[in-house]
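Visitor: Provided herewith: model.tsv, TSV, C-alpha atoms and all ligand atoms.
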```
chain	number	residue	atom	x	y	z
A	129	MET	CA	-27.13	-26.09	1.70
A	130	LYS	CA	-26.57	-24.80	5.23
A	131	SER	CA	-26.25	-21.02	4.96
A	132	LEU	CA	-26.28	-17.88	7.09
A	133	VAL	CA	-29.61	-16.34	6.14
A	134	LEU	CA	-30.84	-12.84	6.91
A	135	GLU	CA	-34.56	-13.68	7.22
A	136	ARG	CA	-35.54	-10.06	7.74
A	137	LYS	CA	-34.18	-7.04	9.64
A	138	ASP	CA	-32.79	-8.15	13.04
A	139	GLU	CA	-33.31	-11.86	12.35
A	140	LEU	CA	-30.56	-14.24	11.26
A	141	SER	CA	-30.62	-18.00	11.06
A	142	LEU	CA	-28.18	-20.71	10.14
A	143	ARG	CA	-30.29	-23.16	8.18
A	144	ASP	CA	-30.62	-25.20	5.06
A	145	PHE	CA	-31.40	-22.80	2.24
A	146	PRO	CA	-32.29	-23.72	-1.32
A	147	ILE	CA	-30.27	-21.74	-3.88
A	148	GLU	CA	-31.86	-21.12	-7.25
A	149	ARG	CA	-30.78	-23.58	-9.89
A	150	GLU	CA	-29.27	-21.01	-12.26
A	151	GLU	CA	-26.95	-19.64	-9.57
A	152	GLU	CA	-25.61	-23.15	-8.97
A	153	THR	CA	-25.20	-24.20	-12.61
A	154	LEU	CA	-21.56	-24.31	-13.70
A	155	GLY	CA	-21.15	-22.42	-16.99
A	156	PRO	CA	-18.21	-23.13	-19.34
A	157	ARG	CA	-16.22	-20.19	-17.93
A	158	ASP	CA	-17.20	-20.65	-14.27
A	159	VAL	CA	-15.56	-22.40	-11.36
A	160	ARG	CA	-17.20	-24.04	-8.36
A	161	ILE	CA	-15.56	-22.99	-5.10
A	162	LYS	CA	-15.62	-24.51	-1.63
A	163	LEU	CA	-15.68	-21.48	0.68
A	164	HIS	CA	-13.02	-21.33	3.40
A	165	THR	CA	-13.01	-17.91	5.09
A	166	VAL	CA	-15.58	-15.09	4.92
A	167	GLY	CA	-15.08	-11.65	6.49
A	168	ILE	CA	-17.94	-9.80	8.16
A	169	CYS	CA	-18.34	-6.44	6.44
A	170	GLY	CA	-20.02	-3.31	7.77
A	171	SER	CA	-22.52	-3.65	4.92
A	172	ASP	CA	-23.51	-7.19	6.04
A	173	VAL	CA	-24.05	-5.86	9.56
A	174	HIS	CA	-26.01	-2.88	8.23
A	175	TYR	CA	-28.40	-5.15	6.31
A	176	TYR	CA	-28.81	-7.16	9.51
A	177	THR	CA	-29.54	-4.15	11.74
A	178	HIS	CA	-31.39	-1.92	9.23
A	179	GLY	CA	-32.74	-4.27	6.55
A	180	ARG	CA	-31.55	-1.92	3.82
A	181	ILE	CA	-28.70	0.19	2.48
A	182	GLY	CA	-30.02	3.17	0.53
A	183	PRO	CA	-32.11	1.85	-2.35
A	184	PHE	CA	-31.19	-1.81	-1.67
A	185	VAL	CA	-33.89	-3.30	0.54
A	186	VAL	CA	-33.98	-6.86	1.89
A	187	LYS	CA	-37.45	-8.04	0.84
A	188	GLU	CA	-36.84	-11.79	0.96
A	189	PRO	CA	-34.47	-14.00	2.96
A	190	MET	CA	-30.91	-13.40	1.73
A	191	ILE	CA	-27.60	-15.14	2.42
A	192	LEU	CA	-24.98	-12.68	3.76
A	193	GLY	CA	-21.23	-12.40	3.10
A	194	HIS	CA	-19.06	-11.11	0.26
A	195	GLU	CA	-15.43	-11.06	1.50
A	196	ALA	CA	-14.25	-14.55	0.68
A	197	SER	CA	-11.55	-17.05	-0.05
A	198	GLY	CA	-11.79	-20.74	-0.84
A	199	THR	CA	-10.66	-23.66	-2.97
A	200	VAL	CA	-11.66	-24.49	-6.55
A	201	ILE	CA	-13.42	-27.86	-6.62
A	202	GLU	CA	-14.75	-27.95	-10.21
A	203	THR	CA	-14.07	-26.02	-13.42
A	204	GLY	CA	-16.20	-25.29	-16.49
A	205	SER	CA	-15.17	-26.74	-19.85
A	206	GLU	CA	-13.45	-23.53	-21.10
A	207	VAL	CA	-11.66	-22.53	-17.88
A	208	ALA	CA	-7.95	-22.21	-18.66
A	209	THR	CA	-6.29	-20.43	-15.72
A	210	LEU	CA	-7.65	-22.36	-12.73
A	211	LYS	CA	-7.90	-26.01	-11.75
A	212	ALA	CA	-9.42	-28.04	-8.93
A	213	GLY	CA	-7.36	-27.63	-5.77
A	214	ASP	CA	-6.32	-24.02	-6.48
A	215	ARG	CA	-6.66	-21.70	-3.50
A	216	VAL	CA	-8.42	-18.48	-4.56
A	217	CYS	CA	-10.10	-15.25	-3.53
A	218	MET	CA	-13.09	-13.85	-5.34
A	219	GLU	CA	-14.17	-10.41	-6.50
A	220	PRO	CA	-17.85	-10.26	-5.46
A	221	GLY	CA	-19.29	-8.00	-8.18
A	222	ILE	CA	-20.08	-9.53	-11.55
A	223	PRO	CA	-20.85	-6.96	-14.25
A	224	ASP	CA	-22.56	-7.56	-17.59
A	225	PRO	CA	-19.53	-8.28	-19.83
A	226	ASN	CA	-21.18	-6.50	-22.77
A	227	SER	CA	-22.36	-3.36	-20.99
A	228	LYS	CA	-21.04	0.04	-22.01
A	229	ALA	CA	-19.50	0.60	-18.55
A	230	THR	CA	-17.67	-2.73	-18.76
A	231	ARG	CA	-16.44	-2.02	-22.28
A	232	LEU	CA	-15.11	1.33	-21.04
A	233	GLY	CA	-13.20	-0.43	-18.22
A	234	MET	CA	-15.47	0.90	-15.47
A	235	TYR	CA	-17.19	-2.39	-14.76
A	236	ASN	CA	-17.70	-1.48	-11.08
A	237	VAL	CA	-20.19	1.24	-12.06
A	238	ASP	CA	-22.09	-0.99	-14.48
A	239	PRO	CA	-25.74	-0.49	-13.43
A	240	ALA	CA	-26.31	-4.20	-14.11
A	241	VAL	CA	-23.56	-5.41	-11.76
A	242	ARG	CA	-24.60	-8.33	-9.52
A	243	PHE	CA	-22.84	-8.04	-6.17
A	244	TRP	CA	-22.89	-10.74	-3.47
A	245	ALA	CA	-25.16	-10.03	-0.51
A	246	THR	CA	-26.75	-7.00	-2.14
A	247	PRO	CA	-30.47	-7.65	-2.60
A	248	PRO	CA	-31.66	-9.61	-4.51
A	249	VAL	CA	-28.26	-11.37	-4.96
A	250	HIS	CA	-27.22	-13.92	-2.33
A	251	GLY	CA	-23.90	-13.79	-0.51
A	252	ILE	CA	-21.51	-16.63	0.20
A	253	LEU	CA	-21.81	-17.60	3.86
A	254	ARG	CA	-22.53	-21.13	2.60
A	255	PRO	CA	-20.43	-24.19	1.74
A	256	THR	CA	-19.99	-23.64	-2.02
A	257	CYS	CA	-20.63	-21.12	-4.77
A	258	VAL	CA	-20.27	-20.81	-8.54
A	259	HIS	CA	-18.26	-17.81	-9.79
A	260	PRO	CA	-16.76	-16.61	-13.11
A	261	GLU	CA	-13.12	-17.55	-13.71
A	262	ALA	CA	-12.49	-13.89	-14.66
A	263	PHE	CA	-13.35	-12.72	-11.13
A	264	THR	CA	-11.54	-15.52	-9.29
A	265	PHE	CA	-7.85	-15.03	-8.39
A	266	LYS	CA	-5.31	-17.71	-7.58
A	267	LEU	CA	-3.39	-17.28	-4.32
A	268	PRO	CA	0.36	-17.71	-3.88
A	269	ASP	CA	1.25	-20.33	-1.23
A	270	ASN	CA	2.34	-17.66	1.26
A	271	VAL	CA	-1.04	-15.88	1.32
A	272	SER	CA	-3.39	-17.49	3.86
A	273	PHE	CA	-7.15	-17.92	3.41
A	274	ALA	CA	-7.66	-15.35	6.19
A	275	GLU	CA	-5.47	-12.76	4.43
A	276	ALA	CA	-7.13	-13.58	1.11
A	277	ALA	CA	-10.57	-12.86	2.59
A	278	MET	CA	-9.18	-9.37	3.40
A	279	VAL	CA	-8.51	-8.65	-0.28
A	280	GLU	CA	-12.07	-7.38	-0.80
A	281	PRO	CA	-11.92	-4.57	1.79
A	282	LEU	CA	-8.25	-3.93	0.92
A	283	ALA	CA	-9.31	-3.44	-2.71
A	284	VAL	CA	-11.32	-0.38	-1.65
A	285	GLY	CA	-8.20	1.20	-0.13
A	286	VAL	CA	-6.01	0.32	-3.11
A	287	HIS	CA	-8.59	1.70	-5.53
A	288	ALA	CA	-8.79	4.92	-3.48
A	289	ALA	CA	-4.98	5.27	-3.41
A	290	THR	CA	-4.88	4.62	-7.16
A	291	LYS	CA	-7.49	7.32	-7.84
A	292	ALA	CA	-5.53	9.76	-5.62
A	293	ARG	CA	-2.48	9.30	-7.92
A	294	ILE	CA	-0.15	9.25	-4.92
A	295	LYS	CA	3.49	10.21	-5.56
A	296	PRO	CA	6.46	9.03	-3.45
A	297	GLY	CA	6.76	11.19	-0.37
A	298	ASP	CA	3.17	12.45	-0.34
A	299	ILE	CA	1.53	13.29	3.00
A	300	ALA	CA	-2.00	11.96	3.46
A	301	VAL	CA	-4.84	12.25	5.93
A	302	VAL	CA	-7.29	9.38	6.36
A	303	MET	CA	-10.48	10.42	8.15
A	304	GLY	CA	-11.83	7.39	10.01
A	305	ALA	CA	-10.00	4.41	11.55
A	306	GLY	CA	-12.57	1.74	10.73
A	307	PRO	CA	-11.54	-1.26	8.60
A	308	ILE	CA	-11.75	0.76	5.37
A	309	GLY	CA	-9.83	3.71	6.84
A	310	LEU	CA	-7.07	1.35	7.98
A	311	VAL	CA	-6.73	-0.50	4.67
A	312	THR	CA	-6.69	2.91	2.97
A	313	ALA	CA	-3.82	4.04	5.23
A	314	LEU	CA	-1.89	0.85	4.40
A	315	SER	CA	-2.60	1.33	0.69
A	316	ALA	CA	-1.46	4.98	0.84
A	317	ILE	CA	1.84	3.92	2.40
A	318	ALA	CA	2.27	1.11	-0.14
A	319	GLY	CA	1.56	3.72	-2.83
A	320	GLY	CA	4.44	5.86	-1.62
A	321	CYS	CA	3.15	8.14	1.13
A	322	ALA	CA	5.81	9.29	3.57
A	323	ARG	CA	3.30	9.83	6.34
A	324	VAL	CA	-0.39	9.17	6.93
A	325	TYR	CA	-2.41	10.90	9.64
A	326	VAL	CA	-5.41	8.80	10.68
A	327	THR	CA	-8.20	10.57	12.55
A	328	ASP	CA	-10.96	9.04	14.66
A	329	LEU	CA	-12.79	9.64	17.93
A	330	ALA	CA	-12.11	6.13	19.29
A	331	GLU	CA	-8.77	5.96	21.13
A	332	LYS	CA	-8.52	2.19	20.71
A	333	LYS	CA	-8.91	2.42	16.92
A	334	LEU	CA	-6.11	5.01	16.79
A	335	GLU	CA	-3.85	2.73	18.81
A	336	ILE	CA	-4.46	-0.05	16.30
A	337	ALA	CA	-3.80	2.37	13.42
A	338	ALA	CA	-0.51	3.57	14.89
A	339	SER	CA	0.61	-0.03	15.52
A	340	LEU	CA	0.35	-0.86	11.80
A	341	SER	CA	3.27	1.28	10.60
A	342	PRO	CA	5.73	3.86	11.92
A	343	ALA	CA	4.48	6.07	9.06
A	344	ILE	CA	0.97	6.21	10.58
A	345	ILE	CA	0.16	8.92	13.13
A	346	GLY	CA	-3.12	8.70	15.03
A	347	VAL	CA	-4.97	11.96	15.69
A	348	GLN	CA	-7.80	11.96	18.25
A	349	ALA	CA	-10.30	14.17	16.46
A	350	GLY	CA	-12.05	15.24	19.69
A	351	GLN	CA	-8.83	16.44	21.34
A	352	GLU	CA	-6.59	17.62	18.53
A	353	SER	CA	-7.17	19.43	15.24
A	354	VAL	CA	-5.78	17.42	12.36
A	355	VAL	CA	-5.65	20.65	10.36
A	356	GLU	CA	-3.34	22.32	12.88
A	357	ARG	CA	-1.26	19.17	13.24
A	358	VAL	CA	-0.75	18.75	9.50
A	359	LYS	CA	-0.07	22.46	8.97
A	360	ALA	CA	2.47	22.45	11.82
A	361	ASP	CA	4.27	19.43	10.32
A	362	THR	CA	4.31	20.80	6.74
A	363	ASP	CA	5.38	24.42	7.28
A	364	GLY	CA	1.79	25.52	6.86
A	365	TRP	CA	1.42	23.95	3.41
A	366	GLY	CA	-1.01	21.09	4.12
A	367	CYS	CA	-1.28	17.49	2.98
A	368	ASP	CA	-1.33	16.16	-0.57
A	369	VAL	CA	-4.28	13.80	-0.19
A	370	VAL	CA	-7.30	13.56	2.11
A	371	PHE	CA	-9.23	10.29	2.17
A	372	GLU	CA	-12.73	10.63	3.67
A	373	ALA	CA	-13.52	7.19	5.15
A	374	THR	CA	-16.04	8.00	7.88
A	375	GLY	CA	-19.23	8.50	5.88
A	376	SER	CA	-20.06	11.22	8.42
A	377	PRO	CA	-21.43	14.45	6.88
A	378	LYS	CA	-19.66	16.47	9.59
A	379	ALA	CA	-16.25	14.99	8.72
A	380	ALA	CA	-16.93	15.31	5.00
A	381	ALA	CA	-17.72	19.03	5.42
A	382	GLN	CA	-14.09	19.58	6.53
A	383	VAL	CA	-12.21	17.55	3.94
A	384	PHE	CA	-10.52	20.53	2.27
A	385	GLU	CA	-9.21	22.16	5.45
A	386	PRO	CA	-5.98	20.14	5.85
A	387	LEU	CA	-5.43	19.95	2.08
A	388	ALA	CA	-2.50	21.65	0.33
A	389	PRO	CA	-2.99	23.69	-2.85
A	390	GLY	CA	-3.33	21.32	-5.80
A	391	GLY	CA	-4.16	18.43	-3.51
A	392	CYS	CA	-6.70	15.66	-3.93
A	393	VAL	CA	-9.68	14.57	-1.85
A	394	VAL	CA	-10.99	11.02	-2.27
A	395	MET	CA	-14.53	10.39	-1.01
A	396	ILE	CA	-14.76	6.79	0.21
A	397	GLY	CA	-17.37	6.74	2.99
A	398	GLY	CA	-20.92	6.15	1.80
A	399	GLN	CA	-23.30	9.11	2.19
A	400	PRO	CA	-26.95	8.12	2.11
A	401	ASP	CA	-28.09	11.76	1.93
A	402	PRO	CA	-26.80	14.92	0.21
A	403	ILE	CA	-24.05	16.64	2.23
A	404	ALA	CA	-22.59	20.13	2.49
A	405	TYR	CA	-19.49	20.73	0.38
A	406	ASP	CA	-17.14	23.71	0.86
A	407	ALA	CA	-16.77	24.68	-2.79
A	408	GLY	CA	-14.86	27.85	-1.91
A	409	ALA	CA	-12.21	25.95	0.06
A	410	ALA	CA	-11.89	23.51	-2.85
A	411	MET	CA	-11.63	26.33	-5.36
A	412	VAL	CA	-8.83	28.33	-3.72
A	413	ARG	CA	-6.76	25.13	-3.62
A	414	GLU	CA	-7.74	23.97	-7.13
A	415	ALA	CA	-8.50	20.74	-5.31
A	416	ARG	CA	-9.19	17.59	-7.30
A	417	VAL	CA	-12.04	15.49	-5.92
A	418	GLU	CA	-12.35	11.80	-6.69
A	419	ASN	CA	-15.21	9.49	-5.80
A	420	ILE	CA	-14.93	5.75	-5.61
A	421	PHE	CA	-17.53	3.02	-5.83
A	422	ARG	CA	-16.11	-0.29	-4.61
A	423	TYR	CA	-13.11	-0.98	-6.94
A	424	ALA	CA	-12.04	-2.21	-10.34
A	425	HIS	CA	-8.94	-4.03	-11.63
A	426	VAL	CA	-7.15	-4.16	-8.26
A	427	PHE	CA	-7.62	-7.69	-6.89
A	428	PRO	CA	-4.43	-9.09	-8.52
A	429	ARG	CA	-2.47	-6.08	-7.20
A	430	CYS	CA	-3.80	-6.68	-3.68
A	431	VAL	CA	-2.85	-10.36	-3.80
A	432	ALA	CA	0.64	-9.45	-5.09
A	433	MET	CA	1.18	-6.93	-2.26
A	434	LEU	CA	0.06	-9.42	0.40
A	435	SER	CA	2.45	-11.99	-1.06
A	436	SER	CA	5.43	-9.64	-1.27
A	437	GLY	CA	4.86	-8.15	2.18
A	438	ALA	CA	4.26	-4.64	0.81
A	439	ILE	CA	0.98	-4.74	2.75
A	440	ASP	CA	0.30	-6.78	5.90
A	441	VAL	CA	-3.37	-7.15	6.80
A	442	LYS	CA	-2.88	-9.79	9.50
A	443	PRO	CA	-3.03	-7.27	12.41
A	444	LEU	CA	-6.48	-6.21	11.18
A	445	ILE	CA	-7.99	-9.69	11.64
A	446	THR	CA	-8.95	-9.50	15.30
A	447	ARG	CA	-11.41	-12.41	15.74
A	448	THR	CA	-12.28	-15.66	13.99
A	449	PHE	CA	-15.49	-17.67	14.47
A	450	ASP	CA	-16.60	-21.12	13.36
A	451	PHE	CA	-19.42	-21.20	10.83
A	452	ASP	CA	-21.70	-22.70	13.52
A	453	GLU	CA	-21.17	-19.52	15.58
A	454	SER	CA	-22.14	-17.21	12.67
A	455	VAL	CA	-25.25	-15.74	14.31
A	456	LYS	CA	-23.30	-14.98	17.48
A	457	ALA	CA	-20.49	-13.48	15.36
A	458	PHE	CA	-22.96	-11.08	13.74
A	459	GLU	CA	-24.46	-10.13	17.11
A	460	ILE	CA	-20.97	-9.28	18.37
A	461	ALA	CA	-20.13	-7.42	15.14
A	462	ALA	CA	-23.38	-5.41	15.45
A	463	SER	CA	-22.31	-4.27	18.93
A	464	ALA	CA	-19.15	-2.81	17.29
A	465	PRO	CA	-16.53	-3.66	19.95
A	466	PRO	CA	-13.92	-0.86	19.80
A	467	SER	CA	-10.94	-3.23	19.87
A	468	ASP	CA	-12.11	-5.23	16.85
A	469	VAL	CA	-11.26	-4.37	13.26
A	470	LYS	CA	-12.19	-7.35	11.13
A	471	MET	CA	-14.05	-10.46	12.28
A	472	GLN	CA	-14.02	-13.51	10.06
A	473	ILE	CA	-15.95	-16.76	9.84
A	474	GLU	CA	-14.31	-20.06	8.88
A	475	LEU	CA	-16.38	-22.66	7.09
A	476	PRO	CA	-15.93	-26.38	7.81
A	477	GLN	CA	-13.51	-27.97	5.32
B	1	ZN	ZN	-16.90	-5.59	2.35
```
Take the structure in the file and write it out as structure tokens.
Guide:
Amino acid sequence: MKSLVLERKDELSLRDFPIEREEETLGPRDVRIKLHTVGICGSDVHYYTHGRIGPFVVKEPMILGHEASGTVIETGSEVATLKAGDRVCMEPGIPDPNSKATRLGMYNVDPAVRFWATPPVHGILRPTCVHPEAFTFKLPDNVSFAEAAMVEPLAVGVHAATKARIKPGDIAVVMGAGPIGLVTALSAIAGGCARVYVTDLAEKKLEIAASLSPAIIGVQAGQESVVERVKADTDGWGCDVVFEATGSPKAAAQVFEPLAPGGCVVMIGGQPDPIAYDAGAAMVREARVENIFRYAHVFPRCVAMLSSGAIDVKPLITRTFDFDESVKAFEIAASAPPSDVKMQIELPQ
């Protein structure tokens, strides 16, 4: 089937690509899905421009894409909750259902998890895929395919906010106004935060952040100290939660500075190498530190919040391309235009 294939680092092609038989075989508890919308993720772009992410190396041609929505076109014999014609979004990581991590409820950290577009597993920038019913979620009529393809990145923010154990009225700082920083800010507000300070160096990104909610305050990290700003606004006390969403070691080294005593830091941004950590600053605050790896158990919550209006991701979708323009879309995404948050690709229906 015609797919967007990463042939090797720096080389993409849109071509007919044979998918292994077993990936295309419909099991009794699987559904076959016609893909509709696929978001371009920073990880897809990173595989394109670097050929690897940490230990995951692209050694053979691989189909990209993991942020997806579509329509069920066929169901396995034991599928009970979905039927042909249902509009759905899909959670891209499939754990081993019998693994210890899965049995403990931490299926996202199952070492055996198979995640779309993470070598050697193919992604879904292709016409159809087969996916387990258990990781496929029906969409209410008022959630569009475009919004549904945002559930995957949104899930990271919702998982981070859940791990932070936000209470109504909390003050948060989100370091980084990329797509994950922005969905984290929206999730923090949906979780009850009274105010969220979003820091970044890019002025345009901060403008987008501030436009999302009156509760979001953009702080230009090169011009203003978020620590001084937060301290000034909280009578010197500090914020309740800091979300680190830059993946920059320099930003991560400062995560405790704006934090109030007893506060929580959530590490979201990926760090390929060991980083410095101010243990003393953490200690005098009795700071709690949480780490997240993707997400678990939050897709239905994300869909429910999109449907109710508790979270609106539409302003984050800044460009849409036809499937035929996929290679161009990735070239543009790799150039990281400052006014773009999320680019999506629509497949022919
Ligand atoms: Zn993603």
Visitor: So how many Å separate atom CA of Pro260 of chain A and atom CA of Gly193 of chain A, to one decimal?
Guide: 17.3 Å
Visitor: So that I can check the surroundings of Met218 of chain A, please list as a count of residues only every protein, DNA and RNA residue that reaches within 10 Å of it, counting only C-alpha atoms and ignoring chain neighbours fewer than 5 positions away.
Guide: 19
Visitor: Give me, please, the distance in Å between atom CA of Val412 of chain A and atom CA of Gly320 of chain A, quoted to one decimal.
Guide: 26.2 Å
Visitor: Go through chain A residue by residue and, counting all atoms listed in the file, keep those with an atom at most 12 Å from ligand ZN 1 (chain B); for each kept residue give the shortest atom pair and its distance in Å to one decimal, ordered by chain and increasing number, as a Markdown table.
Guide:
```
| residue | atom | partner | partner_atom | distance |
| --- | --- | --- | --- | --- |
| A:Val166 | CA | B:ZN1 | ZN | 9.9 |
| A:Gly167 | CA | B:ZN1 | ZN | 7.6 |
| A:Ile168 | CA | B:ZN1 | ZN | 7.2 |
| A:Cys169 | CA | B:ZN1 | ZN | 4.4 |
| A:Gly170 | CA | B:ZN1 | ZN | 6.7 |
| A:Ser171 | CA | B:ZN1 | ZN | 6.5 |
| A:Asp172 | CA | B:ZN1 | ZN | 7.7 |
| A:Val173 | CA | B:ZN1 | ZN | 10.2 |
| A:His174 | CA | B:ZN1 | ZN | 11.2 |
| A:Leu192 | CA | B:ZN1 | ZN | 10.8 |
| A:Gly193 | CA | B:ZN1 | ZN | 8.1 |
| A:His194 | CA | B:ZN1 | ZN | 6.3 |
| A:Glu195 | CA | B:ZN1 | ZN | 5.7 |
| A:Ala196 | CA | B:ZN1 | ZN | 9.5 |
| A:Met218 | CA | B:ZN1 | ZN | 11.9 |
| A:Glu219 | CA | B:ZN1 | ZN | 10.4 |
| A:Pro220 | CA | B:ZN1 | ZN | 9.1 |
| A:Gly221 | CA | B:ZN1 | ZN | 11.1 |
| A:Phe243 | CA | B:ZN1 | ZN | 10.7 |
| A:Trp244 | CA | B:ZN1 | ZN | 9.8 |
| A:Ala245 | CA | B:ZN1 | ZN | 9.8 |
| A:Thr246 | CA | B:ZN1 | ZN | 10.9 |
| A:Gly251 | CA | B:ZN1 | ZN | 11.2 |
| A:Ala277 | CA | B:ZN1 | ZN | 9.6 |
| A:Met278 | CA | B:ZN1 | ZN | 8.7 |
| A:Val279 | CA | B:ZN1 | ZN | 9.3 |
| A:Glu280 | CA | B:ZN1 | ZN | 6.0 |
| A:Pro281 | CA | B:ZN1 | ZN | 5.1 |
| A:Leu282 | CA | B:ZN1 | ZN | 8.9 |
| A:Ala283 | CA | B:ZN1 | ZN | 9.4 |
| A:Val284 | CA | B:ZN1 | ZN | 8.6 |
| A:Gly285 | CA | B:ZN1 | ZN | 11.3 |
| A:Gly306 | CA | B:ZN1 | ZN | 11.9 |
| A:Pro307 | CA | B:ZN1 | ZN | 9.3 |
| A:Ile308 | CA | B:ZN1 | ZN | 8.7 |
| A:Val311 | CA | B:ZN1 | ZN | 11.6 |
| A:Phe421 | CA | B:ZN1 | ZN | 11.9 |
| A:Arg422 | CA | B:ZN1 | ZN | 8.8 |
| A:Tyr423 | CA | B:ZN1 | ZN | 11.0 |
| A:Lys470 | CA | B:ZN1 | ZN | 10.1 |
| A:Met471 | CA | B:ZN1 | ZN | 11.4 |
| A:Gln472 | CA | B:ZN1 | ZN | 11.4 |
```
Visitor: Around all listed atoms of segment 391-397 of chain A, padded 5 Å per side, what centre and edge lengths does the axis-aligned box have in Å to one decimal, as lines of an AutoDock Vina configuration file?
Guide:
```
center_x = -10.8
center_y = 12.6
center_z = -0.5
size_x = 23.2
size_y = 21.7
size_z = 16.9
```
Visitor: Between atom CA of Glu139 of chain A and atom CA of Phe451 of chain A, measure the distance and give it in Å to one decimal.
Guide: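 According to the coordinates, atom CA of Glu139 of chain A and atom CA of Phe451 of chain A are separated by 16.8 Å.
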